[in-house]
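Below is structure-v8.cif, which holds mmCIF, C-alpha atoms.
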```cif
data_model
loop_
_atom_site.label_atom_id
_atom_site.label_comp_id
_atom_site.auth_asym_id
_atom_site.auth_seq_id
_atom_site.Cartn_x
_atom_site.Cartn_y
_atom_site.Cartn_z
CA MET A 199 103.45 126.86 103.16
CA ASN A 200 102.16 128.86 100.20
CA ALA A 201 98.82 127.31 99.23
CA TYR A 202 98.99 124.71 102.02
CA SER A 203 97.15 125.23 105.31
CA ILE A 204 96.59 123.10 108.42
CA ASN A 205 93.25 123.11 110.22
CA LEU A 206 90.91 120.96 112.26
CA ILE A 207 88.90 118.90 109.82
CA ARG A 208 85.49 120.21 108.72
CA ASP A 209 82.45 117.98 108.32
CA ASP A 210 82.50 118.43 104.55
CA GLN A 211 86.12 117.22 104.43
CA ILE A 212 85.61 113.91 106.24
CA ALA A 213 84.77 111.97 103.07
CA GLN A 214 87.93 113.31 101.39
CA ALA A 215 90.10 112.31 104.35
CA LYS A 216 88.65 108.79 104.46
CA ALA A 217 89.20 108.35 100.73
CA LEU A 218 92.80 109.52 101.12
CA MET A 219 93.37 107.06 103.98
CA SER A 220 92.04 104.22 101.83
CA SER A 221 94.46 105.13 99.04
CA CYS A 222 97.47 105.41 101.36
CA PHE A 223 97.06 102.22 103.39
CA GLU A 224 96.48 98.56 102.58
CA ALA A 225 92.85 97.52 102.30
CA LYS A 226 93.28 94.92 105.07
CA LEU A 227 93.86 97.73 107.58
CA ALA A 228 90.50 99.35 106.88
CA SER A 229 88.87 97.51 109.80
CA ILE A 230 90.95 99.49 112.31
CA PHE A 231 90.68 102.92 110.65
CA TYR A 232 89.26 105.65 112.83
CA LEU A 233 88.65 109.37 112.38
CA HIS A 234 87.42 111.61 115.21
CA PRO A 235 86.39 114.96 113.70
CA GLU A 236 87.07 116.77 116.98
CA SER A 237 90.72 115.71 116.93
CA THR A 238 91.72 115.23 113.29
CA LEU A 239 94.01 117.74 111.62
CA VAL A 240 94.26 118.02 107.84
CA VAL A 241 96.45 119.82 105.34
CA THR A 242 94.52 121.39 102.50
CA TYR A 243 95.78 122.55 99.14
CA PHE A 244 93.34 124.96 97.52
CA ASP A 245 90.70 123.55 99.88
CA ARG A 246 91.45 119.94 98.90
CA VAL A 247 92.59 117.52 101.64
CA VAL A 248 96.08 116.30 100.74
CA ALA A 249 97.31 115.07 104.14
CA GLY A 250 95.95 114.35 107.59
CA ILE A 251 96.67 113.08 111.05
CA ASN A 252 93.97 111.35 113.07
CA LEU A 253 94.36 111.90 116.80
CA ASP A 254 92.58 110.44 119.80
CA VAL A 255 92.26 112.07 123.22
CA TYR A 256 91.18 109.96 126.17
CA ARG A 257 91.77 109.42 129.87
CA VAL A 258 93.81 106.37 130.90
CA ASN A 259 93.36 106.90 134.64
CA LYS A 260 93.17 109.80 137.11
CA GLN A 261 96.81 110.72 136.51
CA VAL A 262 97.15 110.21 132.75
CA LYS A 263 95.30 111.94 129.94
CA MET A 264 96.60 110.46 126.71
CA GLY A 265 96.91 112.01 123.30
CA TYR A 266 97.32 109.26 120.73
CA ILE A 267 98.85 109.90 117.31
CA GLY A 268 97.12 107.47 115.01
CA TRP A 269 96.91 107.54 111.24
CA LEU A 270 99.26 109.90 109.41
CA TYR A 271 98.80 110.03 105.64
CA THR A 272 99.82 112.19 102.66
CA ASP A 273 98.64 112.26 99.07
CA GLU A 274 101.31 110.72 96.85
CA LYS A 275 101.43 113.86 94.69
CA HIS A 276 102.25 116.04 97.70
CA ARG A 277 104.93 113.94 99.39
CA GLY A 278 108.42 115.31 99.89
CA LYS A 279 107.12 118.69 101.09
CA ALA A 280 107.59 118.02 104.85
CA LEU A 281 103.83 117.88 105.40
CA ALA A 282 104.12 114.91 107.81
CA GLY A 283 106.57 116.78 110.01
CA LEU A 284 104.40 119.89 110.03
CA LEU A 285 101.34 117.83 110.95
CA LEU A 286 103.20 116.17 113.83
CA THR A 287 104.33 119.52 115.17
CA GLU A 288 100.79 120.89 115.00
CA ALA A 289 99.40 117.68 116.50
CA MET A 290 101.67 117.86 119.55
CA ALA A 291 100.71 121.49 120.14
CA PHE A 292 97.03 120.60 119.74
CA LEU A 293 97.24 117.69 122.20
CA GLU A 294 99.03 119.84 124.76
CA LYS A 295 96.24 122.43 124.51
CA GLN A 296 93.75 119.61 125.14
CA GLY A 297 95.39 119.04 128.53
CA CYS A 298 97.12 115.78 127.63
CA THR A 299 99.86 114.72 130.02
CA GLU A 300 101.34 112.18 127.62
CA ILE A 301 101.46 111.42 123.91
CA SER A 302 101.91 108.01 122.31
CA ALA A 303 102.04 106.40 118.89
CA CYS A 304 102.37 102.83 117.66
CA VAL A 305 104.91 102.08 114.91
CA GLU A 306 106.13 98.85 113.31
CA GLY A 307 109.79 98.12 114.05
CA ASP A 308 110.86 98.25 110.38
CA ASN A 309 109.28 101.64 109.70
CA PRO A 310 112.04 104.24 110.20
CA ALA A 311 110.20 106.81 108.10
CA SER A 312 107.62 107.08 110.90
CA PHE A 313 109.59 106.50 114.09
CA LYS A 314 112.38 108.86 113.00
CA GLN A 315 109.88 111.71 113.17
CA LEU A 316 108.90 110.66 116.70
CA ALA A 317 112.46 110.10 117.95
CA ASN A 318 113.48 113.56 116.75
CA ARG A 319 110.67 115.02 118.87
CA GLY A 320 111.72 113.33 122.08
CA PHE A 321 109.68 110.11 121.90
CA SER A 322 111.14 106.78 123.04
CA ILE A 323 109.92 103.19 123.05
CA LEU A 324 108.00 102.16 126.15
CA GLY A 325 108.39 98.44 126.88
CA LEU A 326 105.79 96.12 128.39
CA TRP A 327 106.96 96.47 132.00
CA GLN A 328 107.26 100.24 131.66
CA GLN A 329 103.71 100.35 130.28
CA LEU A 330 102.35 98.31 133.18
CA ARG A 331 104.15 100.44 135.75
CA ARG A 332 103.04 103.68 134.15
CA PHE A 333 99.46 102.88 133.20
CA GLY A 334 98.62 100.02 135.61
CA PHE A 335 95.06 98.81 135.13
CA GLY A 336 94.71 101.47 132.44
CA THR A 337 97.03 99.57 130.09
CA PRO A 338 94.11 97.76 128.34
CA VAL A 339 92.55 101.19 127.77
CA VAL A 340 95.73 102.29 125.96
CA TYR A 341 95.69 99.10 123.89
CA ARG A 342 92.02 99.47 123.00
CA HIS A 343 92.41 103.02 121.72
CA ALA A 344 95.51 102.02 119.73
CA SER A 345 93.95 98.78 118.37
CA ARG A 346 97.03 96.88 119.49
CA PHE A 347 96.03 93.80 121.45
CA PHE A 348 97.70 91.50 118.89
CA ASP A 349 99.98 93.72 116.77
CA MET A 350 103.22 91.75 116.86
CA GLY A 351 106.38 93.70 116.17
CA TYR A 352 104.82 97.12 116.72
CA PHE A 353 106.24 99.35 119.45
CA LEU A 354 104.61 101.97 121.65
CA TRP A 355 106.48 105.25 121.23
CA HIS A 356 105.84 107.60 124.15
CA LYS A 357 106.53 111.13 125.31
CA SER A 358 105.60 112.74 128.62
CA LEU A 359 104.44 116.35 128.57
CA ILE A 360 104.99 116.80 132.31
CA GLY A 361 108.68 115.93 132.43
CA ASP A 362 108.43 112.40 133.89
CA THR A 363 109.72 110.40 130.94
CA GLY A 364 110.45 107.09 132.71
CA LYS A 365 112.82 104.40 131.49
CA GLU A 366 113.06 103.31 127.87
CA ALA A 367 112.43 99.68 126.92
CA ALA A 368 115.27 97.23 127.54
CA VAL A 369 117.26 96.16 124.48
CA GLY A 370 120.03 93.70 123.67
CA ALA A 371 121.00 90.85 125.99
CA LYS A 372 118.67 91.93 128.82
CA ALA A 373 115.65 92.04 126.52
CA LEU A 374 116.60 88.67 125.01
CA VAL A 375 116.92 87.00 128.43
CA LEU A 376 113.49 88.30 129.46
CA THR A 377 112.03 86.95 126.20
CA LEU A 378 113.60 83.53 126.77
CA VAL A 379 112.24 83.38 130.33
CA GLY A 380 108.73 84.33 129.20
CA ASN A 381 108.69 81.77 126.38
CA THR A 382 110.03 79.06 128.71
CA LEU A 383 107.36 79.65 131.35
CA LEU A 384 104.53 79.45 128.83
CA PHE A 385 106.18 76.44 127.17
CA LEU A 386 106.16 74.66 130.55
CA PHE A 387 102.37 74.94 130.71
CA SER A 388 102.04 73.47 127.23
CA LEU A 389 104.60 70.76 127.97
CA MET A 390 102.76 69.62 131.10
CA GLY A 391 99.30 69.87 129.58
CA TRP A 392 98.33 72.62 132.02
CA ASN A 393 95.65 74.30 129.94
CA LEU A 394 91.88 74.48 129.91
CA LEU A 395 91.47 71.63 127.42
CA GLY A 396 94.14 69.52 129.12
CA LEU A 397 92.55 69.92 132.54
CA SER A 398 89.24 68.77 131.07
CA GLY A 399 90.93 65.55 129.89
CA PHE A 400 91.36 66.52 126.25
CA HIS A 401 94.88 67.12 124.91
CA PRO A 402 94.70 68.65 121.40
CA PHE A 403 98.47 68.34 120.95
CA PRO A 404 100.61 65.30 121.76
CA LEU A 405 102.47 65.61 125.08
CA SER A 406 106.19 64.85 125.16
CA ASN A 407 108.05 62.13 126.99
CA LEU A 408 109.22 63.85 130.20
CA GLN A 409 112.28 61.68 130.85
CA HIS A 410 114.55 64.72 130.46
CA PRO A 411 112.41 67.68 131.62
CA VAL A 412 115.32 70.12 131.96
CA LEU A 413 116.45 69.50 128.38
CA LEU A 414 112.90 69.79 127.13
CA LEU A 415 112.46 73.13 128.91
CA ALA A 416 115.49 74.43 127.02
CA THR A 417 113.65 73.97 123.70
CA PRO A 418 112.32 77.54 123.34
CA SER A 419 115.74 79.00 124.14
CA LEU A 420 117.37 76.66 121.62
CA PHE A 421 115.09 77.76 118.82
CA LEU A 422 115.10 81.47 119.66
CA LEU A 423 118.86 81.66 120.19
CA GLY A 424 119.53 79.71 116.99
CA ARG A 425 117.26 82.04 115.03
CA THR A 426 118.75 85.20 116.56
CA LEU A 427 122.36 84.04 116.20
CA ALA A 428 121.94 83.17 112.52
CA MET A 429 120.47 86.61 111.86
CA LEU A 430 123.18 88.34 113.88
CA ILE A 431 125.99 86.57 112.02
CA TRP A 432 124.71 87.83 108.68
CA ALA A 433 124.41 91.38 110.04
CA LYS A 434 128.02 91.16 111.25
CA ILE A 435 129.17 89.86 107.87
CA LYS A 436 127.47 92.84 106.22
CA LYS A 437 128.91 95.16 108.90
CA ARG A 438 125.51 96.47 109.95
CA GLU A 439 124.69 97.40 113.52
CA VAL A 440 121.54 95.72 114.78
CA VAL A 441 119.79 95.64 118.13
CA TYR A 442 117.51 93.02 119.69
CA ARG A 443 114.09 94.22 120.86
CA SER A 444 111.49 92.15 122.66
CA TRP A 445 107.78 92.43 121.83
CA ASP A 446 104.90 93.34 124.10
CA THR A 447 101.40 92.61 122.79
CA ALA A 448 102.40 89.25 121.26
CA TRP A 449 102.33 87.86 124.81
CA ILE A 450 98.55 88.20 124.85
CA ALA A 451 98.16 85.68 122.01
CA ALA A 452 100.84 83.45 123.56
CA ILE A 453 99.10 83.37 126.95
CA LEU A 454 95.67 82.70 125.45
CA LEU A 455 96.90 79.90 123.19
CA SER A 456 99.19 78.29 125.78
CA LEU A 457 96.78 78.37 128.70
CA GLY A 458 93.68 77.83 126.62
CA LEU A 459 94.63 75.27 123.98
CA GLY A 460 98.08 74.13 125.01
CA LEU A 461 99.62 75.47 121.79
CA PRO A 462 103.17 76.75 122.45
CA PHE A 463 102.97 80.04 120.56
CA PRO A 464 106.47 81.59 120.18
CA VAL A 465 107.15 85.24 120.98
CA PRO A 466 110.62 85.65 119.44
CA GLY A 467 111.15 89.41 119.40
CA ASN A 468 113.55 90.39 116.62
CA LEU A 469 116.77 92.05 115.51
CA TYR A 470 116.31 95.55 114.10
CA VAL A 471 118.66 97.93 112.34
CA LYS A 472 120.13 100.17 115.02
CA GLY A 473 119.34 103.87 115.14
CA ILE A 474 116.93 106.05 113.19
CA GLY A 475 119.08 107.21 110.27
CA TRP A 476 118.35 104.36 107.88
CA LYS A 477 115.89 103.72 105.08
CA LEU A 478 113.84 100.57 104.73
CA LYS A 479 114.27 100.38 100.95
CA GLU A 480 118.06 100.33 101.32
CA GLU A 481 118.08 97.75 104.11
CA THR A 482 115.43 95.41 102.69
CA PRO A 483 117.99 92.93 101.23
CA LEU A 484 119.85 92.81 104.55
CA LEU A 485 116.71 92.22 106.62
CA ALA A 486 115.34 89.64 104.19
CA MET A 487 118.58 87.63 104.12
CA MET A 488 118.74 87.75 107.91
CA ALA A 489 115.17 86.46 107.94
CA ILE A 490 115.90 83.56 105.59
CA LEU A 491 118.97 82.47 107.57
CA GLY A 492 116.97 82.64 110.79
CA GLN A 493 114.31 80.48 109.18
CA VAL A 494 116.89 77.94 108.01
CA ALA A 495 118.33 77.73 111.55
CA VAL A 496 114.90 77.04 113.04
CA ALA A 497 114.10 74.52 110.29
CA ALA A 498 117.34 72.63 110.97
CA LEU A 499 116.61 72.47 114.70
CA CYS A 500 113.15 71.06 113.96
CA LEU A 501 114.90 67.96 112.63
CA VAL A 502 116.68 67.19 115.91
CA VAL A 503 114.31 68.15 118.74
CA PRO A 504 111.92 65.58 120.29
CA LYS A 505 108.50 65.22 118.75
CA GLY A 506 105.46 66.50 120.59
CA VAL A 507 105.30 69.96 122.15
CA PRO A 508 109.02 70.78 121.57
CA LEU A 509 108.74 70.10 117.83
CA LEU A 510 105.43 71.94 117.74
CA PHE A 511 107.11 75.08 119.13
CA GLY A 512 109.68 75.01 116.31
CA LEU A 513 107.13 74.30 113.60
CA CYS A 514 104.96 77.18 114.82
CA LEU A 515 107.95 79.52 114.73
CA VAL A 516 109.15 78.52 111.25
CA THR A 517 105.59 78.73 109.89
CA LEU A 518 105.02 82.19 111.36
CA ASP A 519 108.39 83.34 109.99
CA THR A 520 107.48 82.02 106.52
CA LEU A 521 103.80 82.63 105.86
CA PHE A 522 102.53 85.22 108.33
CA PHE A 523 103.62 88.43 106.59
CA PHE A 524 100.31 90.25 107.10
CA TYR A 525 98.91 92.41 109.91
CA PRO A 526 98.90 91.84 112.88
CA PHE A 527 101.90 89.46 112.45
CA CYS A 528 104.12 91.94 110.58
CA GLY A 529 106.92 91.62 113.14
CA PHE A 530 107.66 88.04 112.09
CA ASN A 531 110.33 87.55 109.45
CA ALA A 532 107.88 86.60 106.71
CA SER A 533 107.12 90.28 106.06
CA ARG A 534 110.82 91.00 105.50
CA VAL A 535 111.19 88.23 102.93
CA LYS A 536 107.91 89.09 101.20
CA ARG A 537 109.03 92.71 100.91
CA TRP A 538 112.21 91.64 99.08
CA GLY A 539 110.36 89.94 96.25
CA LYS A 540 108.56 86.86 94.95
CA LYS A 541 111.65 84.70 94.40
CA PRO A 542 113.04 85.03 97.95
CA PHE A 543 109.55 84.40 99.31
CA ALA A 544 109.24 81.26 97.15
CA ILE A 545 112.60 80.01 98.46
CA SER A 546 111.38 80.60 101.99
CA VAL A 547 108.22 78.58 101.34
CA VAL A 548 110.30 75.73 99.87
CA VAL A 549 112.36 75.62 103.08
CA LEU A 550 109.16 75.36 105.13
CA LEU A 551 107.76 72.60 102.93
CA ALA A 552 111.05 70.70 103.12
CA VAL A 553 111.11 70.69 106.92
CA LEU A 554 107.42 69.72 107.11
CA LEU A 555 108.03 66.83 104.71
CA SER A 556 111.11 65.70 106.65
CA VAL A 557 109.19 65.73 109.92
CA LEU A 558 106.34 63.72 108.42
CA VAL A 559 108.70 61.14 106.89
CA TYR A 560 111.02 60.73 109.86
#
```
Give the structure from the file, written as structure tokens.
Amino acid sequence: MNAYSINLIRDDQIAQAKALMSSCFEAKLASIFYLHPESTLVVTYFDRVVAGINLDVYRVNKQVKMGYIGWLYTDEKHRGKALAGLLLTEAMAFLEKQGCTEISACVEGDNPASFKQLANRGFSILGLWQQLRRFGFGTPVVYRHASRFFDMGYFLWHKSLIGDTGKEAAVGAKALVLTLVGNTLLFLFSLMGWNLLGLSGFHPFPLSNLQHPVLLLATPSLFLLGRTLAMLIWAKIKKREVVYRSWDTAWIAAILLSLGLGLPFPVPGNLYVKGIGWKLKEETPLLAMMAILGQVAVAALCLVVPKGVPLLFGLCLVTLDTLFFFYPFCGFNASRVKRWGKKPFAISVVVLLAVLLSVLVY
């Protein structure tokens, strides 16, 4: 590595590492930064910190000792020198020496630069049911250490160090069906007013006419399938392979809002570019156009569904897909459109305003 060296961080280097983190990540993420000196590795260049990886070692339960790969950052002037890969290799060796039985990391679904490194080292995505089976009552412990109770569109990449890898998360049609079932069940509670406020006699959102309950229950599937199909068609037109992935932690917000307030919060999952050999910069136009067409499909359906909770579900979805581009909602399509530029984002906002105006008028 010539003048580069990798070592456990020293006390006098902590301030440098924190300053480098602040320069590499968005300011809004500062609230979830962490740095444990006993498990943070840094790359130095003539004794100056130019890259780092912040690790966390903790016990999930009696069987699992977890090594978590958290923040990985490199000085802009020193990128392109494979420092991230070297840090990951050193980090895995370090965590194994600490007696960890498993290693995990949390990566946003549109971040191939990060998950490619993990996939090449034997990591795979662990879905919600796999997490619950593997960690049991220790699952909240995993979420707490990874700051991921509400990070929508982020996936838990996992690797076992004792050979028991378990099953990878479901994808495609199976994952989509599970998502539709989950959204429908929570929608039923909102539709019937079965929530804490509703049971106390106060309904914050107008309940629907239940003359056709079966048709009303199909509302979440109608919106989610319309959104997904519109996105898929564009991917097919552009001859890109995509795969549907369901989300995990978004269900926490959906359960709290549905059972607490009666708000039907959608958990749509999303279509992602298939594989690990792609670059976000090159695929940004594809993903953004898919996002806009998905938004248009949801907006159109908002004009034909019954008012009340069914319409509210659609309006929540189109609003999240238009305006919620920031953490922890990065998995929604708004982030894809925002990434493409100001003009596409403005068009997306106009679509949202048009459907809101149409709903108010008619």
Give me the result of the PyMOL selection byres ((chain A and resi 451) around 12) on this file, residue by residue, as an MDAnalysis selection string. chainID A and resid 346:350 384 445:450 452:465 526:527
For the file shown, report as a PDB file with C-alpha atoms, in the frame of the given file the outcome of the PyMOL selection byres ((chain A and resi 435-438) around 12) at residue level.
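Result saved to result.pdb:
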```pdb
ATOM      1  CA  ALA A 428     121.940  83.170 112.520  1.00  0.00           C
ATOM      2  CA  MET A 429     120.470  86.610 111.860  1.00  0.00           C
ATOM      3  CA  LEU A 430     123.180  88.340 113.880  1.00  0.00           C
ATOM      4  CA  ILE A 431     125.990  86.570 112.020  1.00  0.00           C
ATOM      5  CA  TRP A 432     124.710  87.830 108.680  1.00  0.00           C
ATOM      6  CA  ALA A 433     124.410  91.380 110.040  1.00  0.00           C
ATOM      7  CA  LYS A 434     128.020  91.160 111.250  1.00  0.00           C
ATOM      8  CA  GLU A 439     124.690  97.400 113.520  1.00  0.00           C
ATOM      9  CA  VAL A 440     121.540  95.720 114.780  1.00  0.00           C
ATOM     10  CA  VAL A 441     119.790  95.640 118.130  1.00  0.00           C
ATOM     11  CA  LEU A 469     116.770  92.050 115.510  1.00  0.00           C
ATOM     12  CA  TYR A 470     116.310  95.550 114.100  1.00  0.00           C
ATOM     13  CA  VAL A 471     118.660  97.930 112.340  1.00  0.00           C
ATOM     14  CA  LYS A 472     120.130 100.170 115.020  1.00  0.00           C
ATOM     15  CA  GLY A 473     119.340 103.870 115.140  1.00  0.00           C
ATOM     16  CA  TRP A 476     118.350 104.360 107.880  1.00  0.00           C
ATOM     17  CA  GLU A 481     118.080  97.750 104.110  1.00  0.00           C
ATOM     18  CA  PRO A 483     117.990  92.930 101.230  1.00  0.00           C
ATOM     19  CA  LEU A 484     119.850  92.810 104.550  1.00  0.00           C
ATOM     20  CA  LEU A 485     116.710  92.220 106.620  1.00  0.00           C
ATOM     21  CA  MET A 487     118.580  87.630 104.120  1.00  0.00           C
ATOM     22  CA  MET A 488     118.740  87.750 107.910  1.00  0.00           C
TER      23      MET A 488
END
```
Go ahead and compute the interatomic distance for CA of Lys477 (chain A) and CA of Asp308 (chain A), in Å to one decimal. 9.1 Å
For CA of Phe387 (chain A) and CA of Val507 (chain A), determine how far apart the two atoms are, in Å to one decimal place.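 Spanning CA of Phe387 (chain A) to CA of Val507 (chain A) is a straight-line distance of 10.3 Å.
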For CA of Ala416 (chain A) and CA of Gln329 (chain A), the interatomic separation in Å (one decimal):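 We find that CA of Ala416 (chain A) and CA of Gln329 (chain A) lie 28.7 Å from each other.
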Residue IDs satisfying the PyMOL selection byres ((chain A and resi 312-318) around 12), as a VMD selection string: chain A and resid 267 to 271 280 to 287 289 to 290 301 to 311 319 to 323 352 to 357 472 to 478
Selected residue, from A:Ala225, A:Ser345, A:Tyr232, A:Ala291, that lies nearest to Ile212 (chain A) when counting only C-alpha atoms: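 Checking each of A:Ala225, A:Ser345, A:Tyr232, A:Ala291 against Ile212 (chain A), counting only C-alpha atoms, the winner is A:Tyr232.
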Of the candidates A:Leu422, A:Val241, A:Leu227, A:Leu501, which shows the shortest atom-to-atom distance to Tyr202 (chain A), using only C-alpha atoms?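 Checking each candidate against Tyr202 (chain A), we get A:Val241 as the closest.
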Nearest-residue call for Phe292 (chain A), choices A:Ile204, A:Val248, A:Ile230, A:Val339, using all atoms listed in the file: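 That would be A:Ile204, the residue with the smallest distance to Phe292 (chain A).
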Protein/DNA/RNA residues near (99.9, 119.0, 129.8), cut 7 Å, only C-alpha atoms, as a list in words: Glu294, Gly297, Cys298, Thr299, Leu359 and Ile360 of chain A
